[in-house]
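Okay, final20.txt now, which holds compact mmCIF, C-alpha atoms and all ligand atoms:
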# COMPACT_ATOMS: atom_id res chain seq x y z
CA MET A 6 -0.34 -12.61 -9.67
CA ALA A 7 2.92 -11.70 -11.35
CA GLY A 8 2.79 -14.63 -13.74
CA HIS A 9 5.11 -17.63 -13.76
CA SER A 10 8.07 -15.38 -14.46
CA ALA A 11 8.38 -14.17 -10.88
CA GLY A 12 9.72 -16.29 -8.05
CA THR A 13 7.57 -17.59 -5.20
CA GLU A 14 9.03 -14.95 -2.87
CA ILE A 15 7.78 -12.14 -5.12
CA GLU A 16 4.36 -13.78 -5.55
CA GLN A 17 3.99 -14.11 -1.78
CA LEU A 18 5.02 -10.50 -1.25
CA ILE A 19 2.54 -9.25 -3.85
CA GLN A 20 -0.30 -11.32 -2.42
CA LEU A 21 0.24 -9.94 1.09
CA LEU A 22 0.63 -6.35 -0.13
CA ALA A 23 -2.63 -6.71 -2.08
CA ARG A 24 -4.44 -7.32 1.22
CA LEU A 25 -3.65 -3.81 2.45
CA PRO A 26 -6.54 -1.35 2.12
CA GLY A 27 -6.02 0.89 -0.91
CA LEU A 28 -3.79 -1.59 -2.76
CA GLY A 29 -5.25 -3.84 -5.47
CA PRO A 30 -3.31 -6.49 -7.40
CA ARG A 31 -1.82 -3.95 -9.82
CA SER A 32 -0.68 -1.46 -7.21
CA ALA A 33 0.62 -4.34 -5.09
CA ARG A 34 2.82 -5.37 -8.02
CA ARG A 35 4.05 -1.81 -8.40
CA ALA A 36 4.69 -1.59 -4.66
CA ALA A 37 6.70 -4.84 -4.75
CA LEU A 38 8.83 -3.52 -7.62
CA GLN A 39 9.31 -0.22 -5.81
CA LEU A 40 10.48 -2.12 -2.74
CA LEU A 41 12.85 -4.35 -4.73
CA SER A 42 14.37 -1.32 -6.43
CA LYS A 43 15.08 0.28 -3.04
CA LYS A 44 16.19 -2.65 -0.93
CA GLU A 45 18.35 -0.75 1.54
CA THR A 46 16.52 2.57 1.73
CA LEU A 47 12.92 1.34 1.79
CA MET A 48 12.48 -2.44 1.71
CA ARG A 49 14.55 -3.50 4.74
CA PRO A 50 13.52 -0.45 6.80
CA LEU A 51 9.86 -1.28 6.09
CA ALA A 52 10.31 -4.93 7.11
CA ASP A 53 11.99 -3.74 10.31
CA ALA A 54 9.30 -1.12 11.00
CA ILE A 55 6.54 -3.71 10.58
CA SER A 56 8.30 -6.15 12.91
CA GLU A 57 9.04 -3.44 15.47
CA ALA A 58 5.46 -2.23 15.47
CA ALA A 59 4.15 -5.80 15.71
CA ASP A 60 6.41 -6.39 18.71
CA HIS A 61 5.84 -3.14 20.59
CA VAL A 62 2.44 -1.69 19.76
CA LEU A 63 -0.28 -2.59 22.26
CA THR A 64 -3.94 -1.84 22.68
CA CYS A 65 -4.49 0.39 25.73
CA THR A 66 -6.60 -1.61 28.18
CA THR A 67 -8.17 1.61 29.46
CA CYS A 68 -9.25 3.38 26.28
CA GLY A 69 -8.53 1.05 23.32
CA ASN A 70 -5.95 3.37 21.71
CA LEU A 71 -2.84 1.85 20.11
CA ASP A 72 0.48 2.80 21.68
CA THR A 73 3.79 1.35 22.83
CA GLN A 74 2.69 1.72 26.45
CA ASP A 75 -0.37 0.59 28.41
CA PRO A 76 -2.03 2.73 29.69
CA CYS A 77 -1.38 4.80 26.57
CA SER A 78 0.30 8.20 26.47
CA ILE A 79 -3.08 9.94 26.24
CA CYS A 80 -4.51 8.14 29.28
CA VAL A 81 -1.48 9.10 31.42
CA ASP A 82 -1.20 12.69 30.14
CA THR A 83 -2.09 14.84 33.18
CA ARG A 84 -2.39 17.96 31.01
CA ARG A 85 -5.53 16.51 29.44
CA ASP A 86 -8.98 16.89 30.96
CA ALA A 87 -9.57 13.66 32.88
CA GLY A 88 -13.25 14.55 33.30
CA VAL A 89 -14.11 14.29 29.60
CA ILE A 90 -14.25 11.08 27.58
CA CYS A 91 -14.62 11.34 23.82
CA VAL A 92 -16.09 8.12 22.42
CA VAL A 93 -15.03 7.05 18.92
CA GLU A 94 -15.61 3.98 16.79
CA HIS A 95 -12.04 3.35 15.63
CA VAL A 96 -8.45 4.34 16.41
CA ALA A 97 -8.37 6.14 13.04
CA ASP A 98 -11.08 8.50 14.38
CA LEU A 99 -9.02 9.14 17.51
CA TRP A 100 -6.04 10.01 15.31
CA ALA A 101 -8.20 12.33 13.19
CA LEU A 102 -9.46 14.20 16.29
CA GLU A 103 -5.90 14.45 17.63
CA ARG A 104 -4.61 15.84 14.35
CA ALA A 105 -7.39 18.42 14.48
CA GLY A 106 -6.60 19.20 18.12
CA ALA A 107 -10.36 18.91 18.63
CA ASN A 108 -10.39 17.05 21.95
CA SER A 109 -8.43 17.97 25.08
CA GLY A 110 -10.01 15.18 27.13
CA GLN A 111 -9.63 11.43 27.15
CA TYR A 112 -10.82 8.89 24.58
CA HIS A 113 -12.67 5.63 24.45
CA VAL A 114 -12.43 3.45 21.34
CA LEU A 115 -15.50 1.24 20.86
CA GLY A 116 -14.03 -0.92 18.11
CA GLY A 117 -17.02 -0.41 15.79
CA THR A 118 -20.77 0.12 16.03
CA LEU A 119 -23.73 -2.03 16.89
CA SER A 120 -25.02 -3.66 13.72
CA ALA A 121 -27.96 -6.03 13.45
CA LEU A 122 -26.95 -6.78 9.87
CA ASP A 123 -23.37 -7.72 10.72
CA GLY A 124 -24.37 -9.40 13.99
CA VAL A 125 -22.44 -6.92 16.15
CA GLY A 126 -23.93 -6.68 19.65
CA PRO A 127 -22.96 -4.66 22.75
CA ASP A 128 -20.63 -7.43 23.97
CA ASP A 129 -18.64 -7.24 20.75
CA LEU A 130 -17.79 -3.60 21.45
CA ASN A 131 -15.85 -1.99 24.27
CA ILE A 132 -19.01 -0.53 25.85
CA ALA A 133 -18.76 -2.19 29.28
CA GLY A 134 -15.33 -0.58 29.70
CA LEU A 135 -16.81 2.82 28.93
CA VAL A 136 -19.62 2.34 31.45
CA ASN A 137 -17.09 1.24 34.10
CA ARG A 138 -14.86 4.24 33.46
CA THR A 139 -17.80 6.62 33.58
CA MET A 140 -19.35 5.12 36.72
CA SER A 141 -16.11 4.81 38.70
CA GLY A 142 -14.35 8.05 37.78
CA ASP A 143 -15.06 11.73 38.12
CA ILE A 144 -16.37 11.94 34.59
CA LYS A 145 -18.41 15.07 33.99
CA GLU A 146 -18.93 14.64 30.26
CA VAL A 147 -19.03 11.85 27.72
CA VAL A 148 -18.85 13.18 24.14
CA LEU A 149 -20.12 10.74 21.55
CA ALA A 150 -18.01 11.26 18.41
CA VAL A 151 -19.43 8.31 16.49
CA ASN A 152 -20.17 8.45 12.78
CA ALA A 153 -23.42 10.02 11.58
CA THR A 154 -24.55 6.70 10.14
CA VAL A 155 -27.63 4.70 11.14
CA ASP A 156 -25.49 2.21 13.05
CA GLY A 157 -23.43 4.99 14.63
CA GLN A 158 -26.55 6.75 15.88
CA ALA A 159 -28.09 3.50 17.17
CA THR A 160 -24.86 2.91 19.08
CA ALA A 161 -25.00 6.44 20.49
CA HIS A 162 -28.54 5.84 21.76
CA TYR A 163 -27.58 2.54 23.32
CA ILE A 164 -24.61 4.12 25.11
CA MET A 165 -26.75 7.01 26.38
CA ASP A 166 -29.16 4.48 27.91
CA GLN A 167 -26.28 2.64 29.56
CA LEU A 168 -24.86 5.84 31.04
CA GLU A 169 -28.15 6.98 32.55
CA GLY A 170 -27.65 7.62 36.24
CA SER A 171 -23.87 7.90 35.91
CA GLY A 172 -24.00 11.62 36.68
CA ALA A 173 -22.07 12.41 33.52
CA ASN A 174 -23.53 14.66 30.86
CA VAL A 175 -23.72 12.81 27.56
CA SER A 176 -23.25 15.00 24.50
CA GLN A 177 -22.76 14.31 20.83
CA VAL A 178 -20.60 16.04 18.24
CA ALA A 179 -22.67 18.51 16.23
CA HIS A 180 -24.28 17.35 13.05
CA GLY A 181 -21.84 19.33 11.03
CA VAL A 182 -20.67 15.81 10.30
CA PRO A 183 -22.29 15.03 6.94
CA VAL A 184 -25.07 12.47 7.25
CA GLY A 185 -23.76 9.11 6.08
CA GLY A 186 -20.21 10.39 6.28
CA GLU A 187 -17.32 9.03 8.27
CA LEU A 188 -15.23 11.01 10.74
CA ASP A 189 -11.90 9.85 9.41
CA TYR A 190 -12.59 11.51 6.03
CA LEU A 191 -13.30 15.00 7.35
CA ASP A 192 -11.02 18.01 7.34
CA ASP A 193 -9.67 19.34 10.62
CA GLY A 194 -11.86 22.48 10.60
CA THR A 195 -15.09 20.53 10.25
CA LEU A 196 -14.05 18.18 13.03
CA ALA A 197 -13.09 21.04 15.34
CA ALA A 198 -16.36 22.87 14.63
CA ALA A 199 -18.43 19.75 15.19
CA MET A 200 -16.73 19.19 18.54
CA LYS A 201 -17.20 22.83 19.59
CA ALA A 202 -20.91 22.84 18.73
CA ARG A 203 -21.62 19.56 20.53
CA ARG A 204 -25.00 19.44 22.21
CA PRO A 205 -26.60 17.41 25.01
CA PHE A 206 -27.67 14.01 23.74
CA MET B 13 1.56 11.72 10.61
CA ALA B 14 -0.73 10.04 13.08
CA GLY B 15 -0.52 12.89 15.57
CA HIS B 16 1.25 12.80 18.91
CA SER B 17 -1.11 10.11 20.16
CA ALA B 18 0.66 7.32 18.31
CA GLY B 19 4.03 5.92 19.33
CA THR B 20 7.20 6.42 17.33
CA GLU B 21 6.95 2.86 16.00
CA ILE B 22 3.56 3.57 14.45
CA GLU B 23 4.71 6.91 13.01
CA GLN B 24 7.73 5.24 11.44
CA LEU B 25 5.58 2.46 9.98
CA ILE B 26 3.10 4.95 8.50
CA GLN B 27 5.86 7.09 6.99
CA LEU B 28 7.44 4.10 5.23
CA LEU B 29 4.08 2.74 4.02
CA ALA B 30 3.26 6.19 2.61
CA ARG B 31 6.30 5.87 0.31
CA LEU B 32 4.74 2.95 -1.54
CA PRO B 33 3.15 3.86 -4.88
CA GLY B 34 -0.62 4.10 -4.52
CA LEU B 35 -0.56 4.82 -0.79
CA GLY B 36 -0.89 8.41 0.45
CA PRO B 37 -0.73 9.47 4.11
CA ARG B 38 -4.37 8.56 4.75
CA SER B 39 -4.25 5.12 3.17
CA ALA B 40 -0.90 4.50 4.88
CA ARG B 41 -2.60 5.14 8.23
CA ARG B 42 -5.41 2.76 7.29
CA ALA B 43 -2.89 0.17 6.16
CA ALA B 44 -0.99 0.48 9.46
CA LEU B 45 -4.21 -0.03 11.43
CA GLN B 46 -5.15 -2.97 9.24
CA LEU B 47 -1.75 -4.53 9.94
CA LEU B 48 -1.96 -3.93 13.69
CA SER B 49 -5.41 -5.50 13.80
CA LYS B 50 -4.09 -8.64 12.08
CA LYS B 51 -0.70 -9.11 13.68
CA GLU B 52 -0.39 -12.86 13.23
CA THR B 53 -2.30 -13.37 9.98
CA LEU B 54 -1.03 -10.38 7.99
CA MET B 55 1.51 -8.18 9.79
CA ARG B 56 4.21 -10.71 10.70
CA PRO B 57 3.79 -12.66 7.43
CA LEU B 58 4.23 -9.41 5.50
CA ALA B 59 7.37 -8.46 7.44
CA ASP B 60 8.74 -11.96 6.73
CA ALA B 61 7.78 -11.81 3.05
CA ILE B 62 9.51 -8.45 2.62
CA SER B 63 12.67 -9.72 4.33
CA GLU B 64 12.64 -12.97 2.36
CA ALA B 65 12.22 -11.16 -0.93
CA ALA B 66 14.94 -8.66 -0.02
CA ASP B 67 17.28 -11.54 0.77
CA HIS B 68 16.54 -13.80 -2.18
CA VAL B 69 15.34 -11.76 -5.15
CA LEU B 70 18.07 -10.88 -7.63
CA THR B 71 18.28 -9.01 -10.90
CA CYS B 72 19.07 -11.42 -13.75
CA THR B 73 22.45 -10.36 -15.15
CA THR B 74 21.40 -11.59 -18.57
CA CYS B 75 18.01 -9.98 -19.09
CA GLY B 76 17.31 -7.69 -16.10
CA ASN B 77 14.29 -9.68 -14.86
CA LEU B 78 13.80 -10.15 -11.11
CA ASP B 79 13.92 -13.72 -9.83
CA THR B 80 15.40 -15.87 -7.10
CA GLN B 81 17.92 -17.31 -9.54
CA ASP B 82 20.45 -15.77 -11.93
CA PRO B 83 20.13 -16.42 -14.84
CA CYS B 84 16.39 -16.15 -14.26
CA SER B 85 13.83 -18.90 -14.86
CA ILE B 86 12.88 -17.35 -18.21
CA CYS B 87 16.46 -17.17 -19.46
CA VAL B 88 17.06 -20.87 -18.66
CA ASP B 89 13.67 -22.08 -19.94
CA THR B 90 14.56 -24.24 -22.99
CA ARG B 91 10.90 -24.37 -24.08
CA ARG B 92 11.09 -20.68 -24.94
CA ASP B 93 12.33 -19.38 -28.27
CA ALA B 94 15.96 -18.44 -27.68
CA GLY B 95 16.08 -16.63 -31.02
CA VAL B 96 13.64 -13.88 -30.03
CA ILE B 97 14.34 -11.11 -27.51
CA CYS B 98 11.43 -8.92 -26.43
CA VAL B 99 12.74 -5.58 -25.18
CA VAL B 100 10.77 -3.83 -22.41
CA GLU B 101 11.33 -0.76 -20.29
CA HIS B 102 10.52 -2.22 -16.88
CA VAL B 103 10.03 -5.55 -15.11
CA ALA B 104 6.35 -4.64 -14.72
CA ASP B 105 6.04 -4.69 -18.51
CA LEU B 106 7.67 -8.12 -18.64
CA TRP B 107 5.15 -9.35 -16.06
CA ALA B 108 2.27 -7.87 -18.07
CA LEU B 109 3.42 -9.63 -21.26
CA GLU B 110 3.86 -12.91 -19.35
CA ARG B 111 0.37 -12.64 -17.86
CA ALA B 112 -0.96 -12.10 -21.38
CA GLY B 113 1.10 -15.03 -22.68
CA ALA B 114 2.09 -12.65 -25.49
CA ASN B 115 5.79 -13.54 -25.81
CA SER B 116 7.22 -17.04 -26.12
CA GLY B 117 10.78 -15.74 -26.55
CA GLN B 118 13.28 -14.16 -24.18
CA TYR B 119 13.23 -10.69 -22.64
CA HIS B 120 15.52 -7.78 -22.12
CA VAL B 121 14.68 -5.15 -19.50
CA LEU B 122 16.15 -1.73 -20.31
CA GLY B 123 15.43 -0.14 -16.94
CA GLY B 124 13.70 2.89 -18.47
CA THR B 125 13.93 5.03 -21.59
CA LEU B 126 16.33 7.60 -22.91
CA SER B 127 15.24 11.02 -21.67
CA ALA B 128 16.95 14.31 -22.40
CA LEU B 129 14.72 15.97 -19.81
CA ASP B 130 15.63 13.56 -17.02
CA GLY B 131 19.24 13.26 -18.16
CA VAL B 132 18.97 9.55 -18.97
CA GLY B 133 21.53 8.54 -21.59
CA PRO B 134 22.32 5.17 -23.24
CA ASP B 135 24.83 4.29 -20.50
CA ASP B 136 22.12 4.62 -17.87
CA LEU B 137 20.10 1.86 -19.54
CA ASN B 138 20.88 -1.80 -20.13
CA ILE B 139 21.37 -1.23 -23.88
CA ALA B 140 24.96 -2.47 -24.15
CA GLY B 141 23.84 -5.80 -22.71
CA LEU B 142 21.13 -6.06 -25.37
CA VAL B 143 23.62 -5.32 -28.15
CA ASN B 144 26.02 -7.95 -26.76
CA ARG B 145 23.29 -10.57 -26.53
CA THR B 146 22.11 -9.83 -30.06
CA MET B 147 25.58 -9.78 -31.59
CA SER B 148 26.88 -12.88 -29.84
CA GLY B 149 23.85 -15.17 -29.99
CA ASP B 150 21.72 -16.68 -32.70
CA ILE B 151 19.11 -13.96 -32.37
CA LYS B 152 16.79 -13.80 -35.34
CA GLU B 153 14.41 -11.16 -34.01
CA VAL B 154 14.43 -8.32 -31.49
CA VAL B 155 10.89 -7.14 -30.68
CA LEU B 156 10.77 -3.65 -29.22
CA ALA B 157 7.90 -3.60 -26.71
CA VAL B 158 8.62 -0.15 -25.35
CA ASN B 159 5.91 2.32 -24.49
CA ALA B 160 4.30 4.41 -27.24
CA THR B 161 5.61 7.61 -25.67
CA VAL B 162 8.02 10.12 -27.19
CA ASP B 163 10.87 8.84 -25.00
CA GLY B 164 9.92 5.22 -25.67
CA GLN B 165 10.00 5.77 -29.43
CA ALA B 166 13.28 7.71 -29.27
CA THR B 167 14.72 4.76 -27.35
CA ALA B 168 13.41 2.33 -29.97
CA HIS B 169 15.12 4.32 -32.75
CA TYR B 170 18.37 4.45 -30.81
CA ILE B 171 18.31 0.68 -30.23
CA MET B 172 17.54 0.01 -33.90
CA ASP B 173 20.62 2.02 -34.88
CA GLN B 174 22.76 0.08 -32.42
CA LEU B 175 21.54 -3.27 -33.76
CA GLU B 176 22.23 -2.45 -37.38
CA GLY B 177 24.48 -5.12 -38.86
CA SER B 178 23.61 -7.63 -36.13
CA GLY B 179 21.70 -9.78 -38.58
CA ALA B 180 18.64 -9.75 -36.34
CA ASN B 181 15.34 -8.41 -37.60
CA VAL B 182 14.18 -5.57 -35.39
CA SER B 183 10.43 -5.26 -35.02
CA GLN B 184 8.15 -3.24 -32.83
CA VAL B 185 4.85 -4.14 -31.19
CA ALA B 186 1.95 -2.83 -33.26
CA HIS B 187 0.58 0.58 -32.52
CA GLY B 188 -2.52 -0.90 -31.08
CA VAL B 189 -0.84 0.40 -27.96
CA PRO B 190 -2.58 3.73 -27.36
CA VAL B 191 -0.33 6.71 -28.09
CA GLY B 192 0.92 8.13 -24.81
CA GLY B 193 -0.18 5.01 -22.99
CA GLU B 194 1.89 2.60 -20.95
CA LEU B 195 2.13 -1.14 -21.52
CA ASP B 196 1.57 -2.07 -17.91
CA TYR B 197 -1.93 -0.54 -17.99
CA LEU B 198 -3.25 -2.51 -20.95
CA ASP B 199 -5.53 -5.52 -20.94
CA ASP B 200 -4.16 -8.89 -22.01
CA GLY B 201 -6.07 -8.95 -25.31
CA THR B 202 -4.64 -5.62 -26.46
CA LEU B 203 -1.15 -6.70 -25.51
CA ALA B 204 -1.47 -10.03 -27.31
CA ALA B 205 -2.87 -8.34 -30.44
CA ALA B 206 -0.12 -5.72 -30.45
CA MET B 207 2.50 -8.44 -30.23
CA LYS B 208 0.89 -10.47 -32.99
CA ALA B 209 0.69 -7.50 -35.37
CA ARG B 210 4.26 -6.40 -34.78
CA ARG B 211 5.94 -4.98 -37.88
CA PRO B 212 9.52 -4.42 -39.04
CA PHE B 213 10.96 -1.31 -37.43
ZN ZN C 301 -5.45 4.83 26.70
ZN ZN C 302 16.88 -13.49 -17.29
Could I get this file's structure written as structure tokens?
Amino acid sequence: MAGHSAGTEIEQLIQLLARLPGLGPRSARRAALQLLSKKETLMRPLADAISEAADHVLTCTTCGNLDTQDPCSICVDTRRDAGVICVVEHVADLWALERAGANSGQYHVLGGTLSALDGVGPDDLNIAGLVNRTMSGDIKEVVLAVNATVDGQATAHYIMDQLEGSGANVSQVAHGVPVGGELDYLDDGTLAAAMKARRPF
Amino acid sequence: MAGHSAGTEIEQLIQLLARLPGLGPRSARRAALQLLSKKETLMRPLADAISEAADHVLTCTTCGNLDTQDPCSICVDTRRDAGVICVVEHVADLWALERAGANSGQYHVLGGTLSALDGVGPDDLNIAGLVNRTMSGDIKEVVLAVNATVDGQATAHYIMDQLEGSGANVSQVAHGVPVGGELDYLDDGTLAAAMKARRPF
């Protein structure tokens, strides 16, 4: 990557950095140089932060969120509405909704969407956990905040079928979400509006 | 950054990742999630690679290159032309020239350019080292491969003045380098051609 002028340690660093989303080979090289020019203020703190997070960040066995505790801080927060579960595809979507302050209830992270093309079936997603939570708890509403993509909508339909007879109302965020768009790319206002205008599924 | 849903460890990780060039807050969040989803195959190896590089990568006291040995592997490579020094602003430029195979001589990394605006004077750059190398060694040519910017050209003129009487020919990479452009962004062919067509300064 860097040519035969750079040592193996630098090559290895660049190759791993290049695997991060948003960093290609060139920006990985620039990132490596940036790190090496700030060893004490950036490079060692980053190595420590990555190790710390690897050691202490867990997946919440209840909702699928990432946190340093299990159940996560959202699941144990008694100020939140325990009767509402907002279903998202990825943790990034949960973060986006939290930044927007758009959901005062709980969450459930599916881990993706059903996809015939990619061979993703119901057992590959955290759908059974959602059904269990909804059936066993006093859940009055399940809000589907999945992406407005074909796969997202197919997943929403599948989940609605699974939750039939649970007694919970199943709603879906309003289609203010642009068709084909992804939740994580939306501004806070759009997300908040889409949540507010949610309708029965 | 991630909202109050994420633990301090994740926040800290995202904030440090966001300081890398090419990563904003959003891509830093995505990078953090990518790391957490690949703890053993990407996250821990990256933490190790950063630590290893921080521990073992040095700045060559002769030329300013980064390597795990000092003098660096280029400076001690007897197959290279010891009579030619190619002067670059940054290590990234050295890497770019090495990838292009455009320089078979030595290098000298200045660490930037003179800049009245940014208050960068000759003492802030590794110019004295270049003058020493040129005066003391059997240097027959110094090739200035600095950027075709105003500051780069001012730096080239300053260096030429300093090398007067050294006995070395001072040349400059051809102005195939786009005016205002930066070396590190050029394709290998352009870099090789610019080196080949270098002219006396
Ligand atoms: Zn949880
Ligand atoms: Zn060197």
With only C-alpha atoms considered, list every residue of chain A at most 8 Å from chain B, as a short mmCIF file (atom, residue, chain, number, x, y, z; two decimals) with C-alpha atoms, keeping the file's coordinate frame.
data_model
loop_
_atom_site.label_atom_id
_atom_site.label_comp_id
_atom_site.auth_asym_id
_atom_site.auth_seq_id
_atom_site.Cartn_x
_atom_site.Cartn_y
_atom_site.Cartn_z
CA ALA A 7 2.92 -11.70 -11.35
CA GLY A 8 2.79 -14.63 -13.74
CA HIS A 9 5.11 -17.63 -13.76
CA SER A 10 8.07 -15.38 -14.46
CA ALA A 11 8.38 -14.17 -10.88
CA GLY A 12 9.72 -16.29 -8.05
CA GLU A 14 9.03 -14.95 -2.87
CA ILE A 15 7.78 -12.14 -5.12
CA GLN A 17 3.99 -14.11 -1.78
CA LEU A 18 5.02 -10.50 -1.25
CA LEU A 21 0.24 -9.94 1.09
CA LEU A 22 0.63 -6.35 -0.13
CA LEU A 25 -3.65 -3.81 2.45
CA PRO A 26 -6.54 -1.35 2.12
CA GLY A 27 -6.02 0.89 -0.91
CA LEU A 28 -3.79 -1.59 -2.76
CA SER A 32 -0.68 -1.46 -7.21
CA ARG A 34 2.82 -5.37 -8.02
CA ARG A 35 4.05 -1.81 -8.40
CA ALA A 36 4.69 -1.59 -4.66
CA LEU A 38 8.83 -3.52 -7.62
CA GLN A 39 9.31 -0.22 -5.81
CA LEU A 40 10.48 -2.12 -2.74
CA LEU A 41 12.85 -4.35 -4.73
CA LYS A 44 16.19 -2.65 -0.93
CA LEU A 47 12.92 1.34 1.79
CA MET A 48 12.48 -2.44 1.71
CA ARG A 49 14.55 -3.50 4.74
CA PRO A 50 13.52 -0.45 6.80
CA LEU A 51 9.86 -1.28 6.09
CA ALA A 52 10.31 -4.93 7.11
CA ASP A 53 11.99 -3.74 10.31
CA ALA A 54 9.30 -1.12 11.00
CA ILE A 55 6.54 -3.71 10.58
CA SER A 56 8.30 -6.15 12.91
CA GLU A 57 9.04 -3.44 15.47
CA ALA A 58 5.46 -2.23 15.47
CA ALA A 59 4.15 -5.80 15.71
CA HIS A 61 5.84 -3.14 20.59
CA VAL A 62 2.44 -1.69 19.76
CA LEU A 71 -2.84 1.85 20.11
CA ASP A 72 0.48 2.80 21.68
CA THR A 73 3.79 1.35 22.83
CA SER A 78 0.30 8.20 26.47
CA ILE A 79 -3.08 9.94 26.24
CA VAL A 96 -8.45 4.34 16.41
CA ALA A 97 -8.37 6.14 13.04
CA TRP A 100 -6.04 10.01 15.31
CA ALA A 101 -8.20 12.33 13.19
CA GLU A 103 -5.90 14.45 17.63
CA ARG A 104 -4.61 15.84 14.35
#
Write out as a ChimeraX atom specification which residues come within 6 Å of stretch 154-167 of chain B when counting only C-alpha atoms, dropping same-chain ones fewer than 3 positions away.
/B:96-101,125-127,170,182-185,191-192,194-195
What does the file look like for those residues with C-alpha atoms, as a PDB file, in the frame of the given file?
ATOM      1  CA  VAL B  96      13.640 -13.880 -30.030  1.00  0.00           C
ATOM      2  CA  ILE B  97      14.340 -11.110 -27.510  1.00  0.00           C
ATOM      3  CA  CYS B  98      11.430  -8.920 -26.430  1.00  0.00           C
ATOM      4  CA  VAL B  99      12.740  -5.580 -25.180  1.00  0.00           C
ATOM      5  CA  VAL B 100      10.770  -3.830 -22.410  1.00  0.00           C
ATOM      6  CA  GLU B 101      11.330  -0.760 -20.290  1.00  0.00           C
ATOM      7  CA  THR B 125      13.930   5.030 -21.590  1.00  0.00           C
ATOM      8  CA  LEU B 126      16.330   7.600 -22.910  1.00  0.00           C
ATOM      9  CA  SER B 127      15.240  11.020 -21.670  1.00  0.00           C
ATOM     10  CA  TYR B 170      18.370   4.450 -30.810  1.00  0.00           C
ATOM     11  CA  VAL B 182      14.180  -5.570 -35.390  1.00  0.00           C
ATOM     12  CA  SER B 183      10.430  -5.260 -35.020  1.00  0.00           C
ATOM     13  CA  GLN B 184       8.150  -3.240 -32.830  1.00  0.00           C
ATOM     14  CA  VAL B 185       4.850  -4.140 -31.190  1.00  0.00           C
ATOM     15  CA  VAL B 191      -0.330   6.710 -28.090  1.00  0.00           C
ATOM     16  CA  GLY B 192       0.920   8.130 -24.810  1.00  0.00           C
ATOM     17  CA  GLU B 194       1.890   2.600 -20.950  1.00  0.00           C
ATOM     18  CA  LEU B 195       2.130  -1.140 -21.520  1.00  0.00           C
TER      19      LEU B 195
END
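Straight-line separation from atom ZN of ligand ZN 302 (chain C) to atom CA of B:Asp135: 19.7 Å.
Candidate residues B:Asp105, B:Asp136, B:Asp130, B:Glu153 were compared for distance to B:Asp200, and the nearest is B:Asp105, using all atoms listed in the file.
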Just give me the gap between atom CA of A:Gly88 and atom CA of A:Ser171 in Å, one decimal is fine.
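Taking atom CA of A:Gly88 as the start and atom CA of A:Ser171 as the end point, the length is 12.8 Å.
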Rounded to one decimal, what separation in Å do you get between atom CA of B:Ala168 and atom CA of B:Asp93?
21.8 Å
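Residue nearest A:Asp166, chosen from A:Ala23, A:Ala199, A:Val136, A:Leu115 and counting only C-alpha atoms: A:Val136.
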Please provide as a list of chain:residue names all residues within 10 Å of B:Arg145, with the sequence filter that same-chain residues fewer than 5 positions apart are discarded (counting all atoms listed in the file).
B:Thr74, B:Cys75, B:Ile97, B:His120, B:Ile139, B:Ala140, B:Asp150, B:Ile151
Could you add whatever atoms are missing so that stretch 125-134 of chain B carries N, CA and C atoms, then write the result as a PDB file, in the frame of the given file?
ATOM      1  N   THR B 125      13.766   4.543 -20.220  1.00  0.00           N
ATOM      2  CA  THR B 125      13.930   5.030 -21.590  1.00  0.00           C
ATOM      3  C   THR B 125      14.963   6.153 -21.592  1.00  0.00           C
ATOM      4  N   LEU B 126      15.520   6.402 -22.741  1.00  0.00           N
ATOM      5  CA  LEU B 126      16.330   7.600 -22.910  1.00  0.00           C
ATOM      6  C   LEU B 126      15.449   8.808 -22.610  1.00  0.00           C
ATOM      7  N   SER B 127      16.024   9.813 -21.962  1.00  0.00           N
ATOM      8  CA  SER B 127      15.240  11.020 -21.670  1.00  0.00           C
ATOM      9  C   SER B 127      16.177  12.200 -21.515  1.00  0.00           C
ATOM     10  N   ALA B 128      16.109  13.111 -22.481  1.00  0.00           N
ATOM     11  CA  ALA B 128      16.950  14.310 -22.400  1.00  0.00           C
ATOM     12  C   ALA B 128      16.554  15.119 -21.171  1.00  0.00           C
ATOM     13  N   LEU B 129      15.248  15.188 -20.929  1.00  0.00           N
ATOM     14  CA  LEU B 129      14.720  15.970 -19.810  1.00  0.00           C
ATOM     15  C   LEU B 129      15.222  15.467 -18.463  1.00  0.00           C
ATOM     16  N   ASP B 130      15.214  14.142 -18.297  1.00  0.00           N
ATOM     17  CA  ASP B 130      15.630  13.560 -17.020  1.00  0.00           C
ATOM     18  C   ASP B 130      17.116  13.190 -17.011  1.00  0.00           C
ATOM     19  N   GLY B 131      17.807  13.548 -18.104  1.00  0.00           N
ATOM     20  CA  GLY B 131      19.240  13.260 -18.160  1.00  0.00           C
ATOM     21  C   GLY B 131      19.557  11.774 -18.188  1.00  0.00           C
ATOM     22  N   VAL B 132      18.704  10.990 -18.850  1.00  0.00           N
ATOM     23  CA  VAL B 132      18.970   9.550 -18.970  1.00  0.00           C
ATOM     24  C   VAL B 132      19.584   9.270 -20.342  1.00  0.00           C
ATOM     25  N   GLY B 133      20.832   8.851 -20.345  1.00  0.00           N
ATOM     26  CA  GLY B 133      21.530   8.540 -21.590  1.00  0.00           C
ATOM     27  C   GLY B 133      21.649   7.032 -21.791  1.00  0.00           C
ATOM     28  N   PRO B 134      22.192   6.605 -22.932  1.00  0.00           N
ATOM     29  CA  PRO B 134      22.320   5.170 -23.240  1.00  0.00           C
ATOM     30  C   PRO B 134      23.048   4.379 -22.153  1.00  0.00           C
TER      31      PRO B 134
END
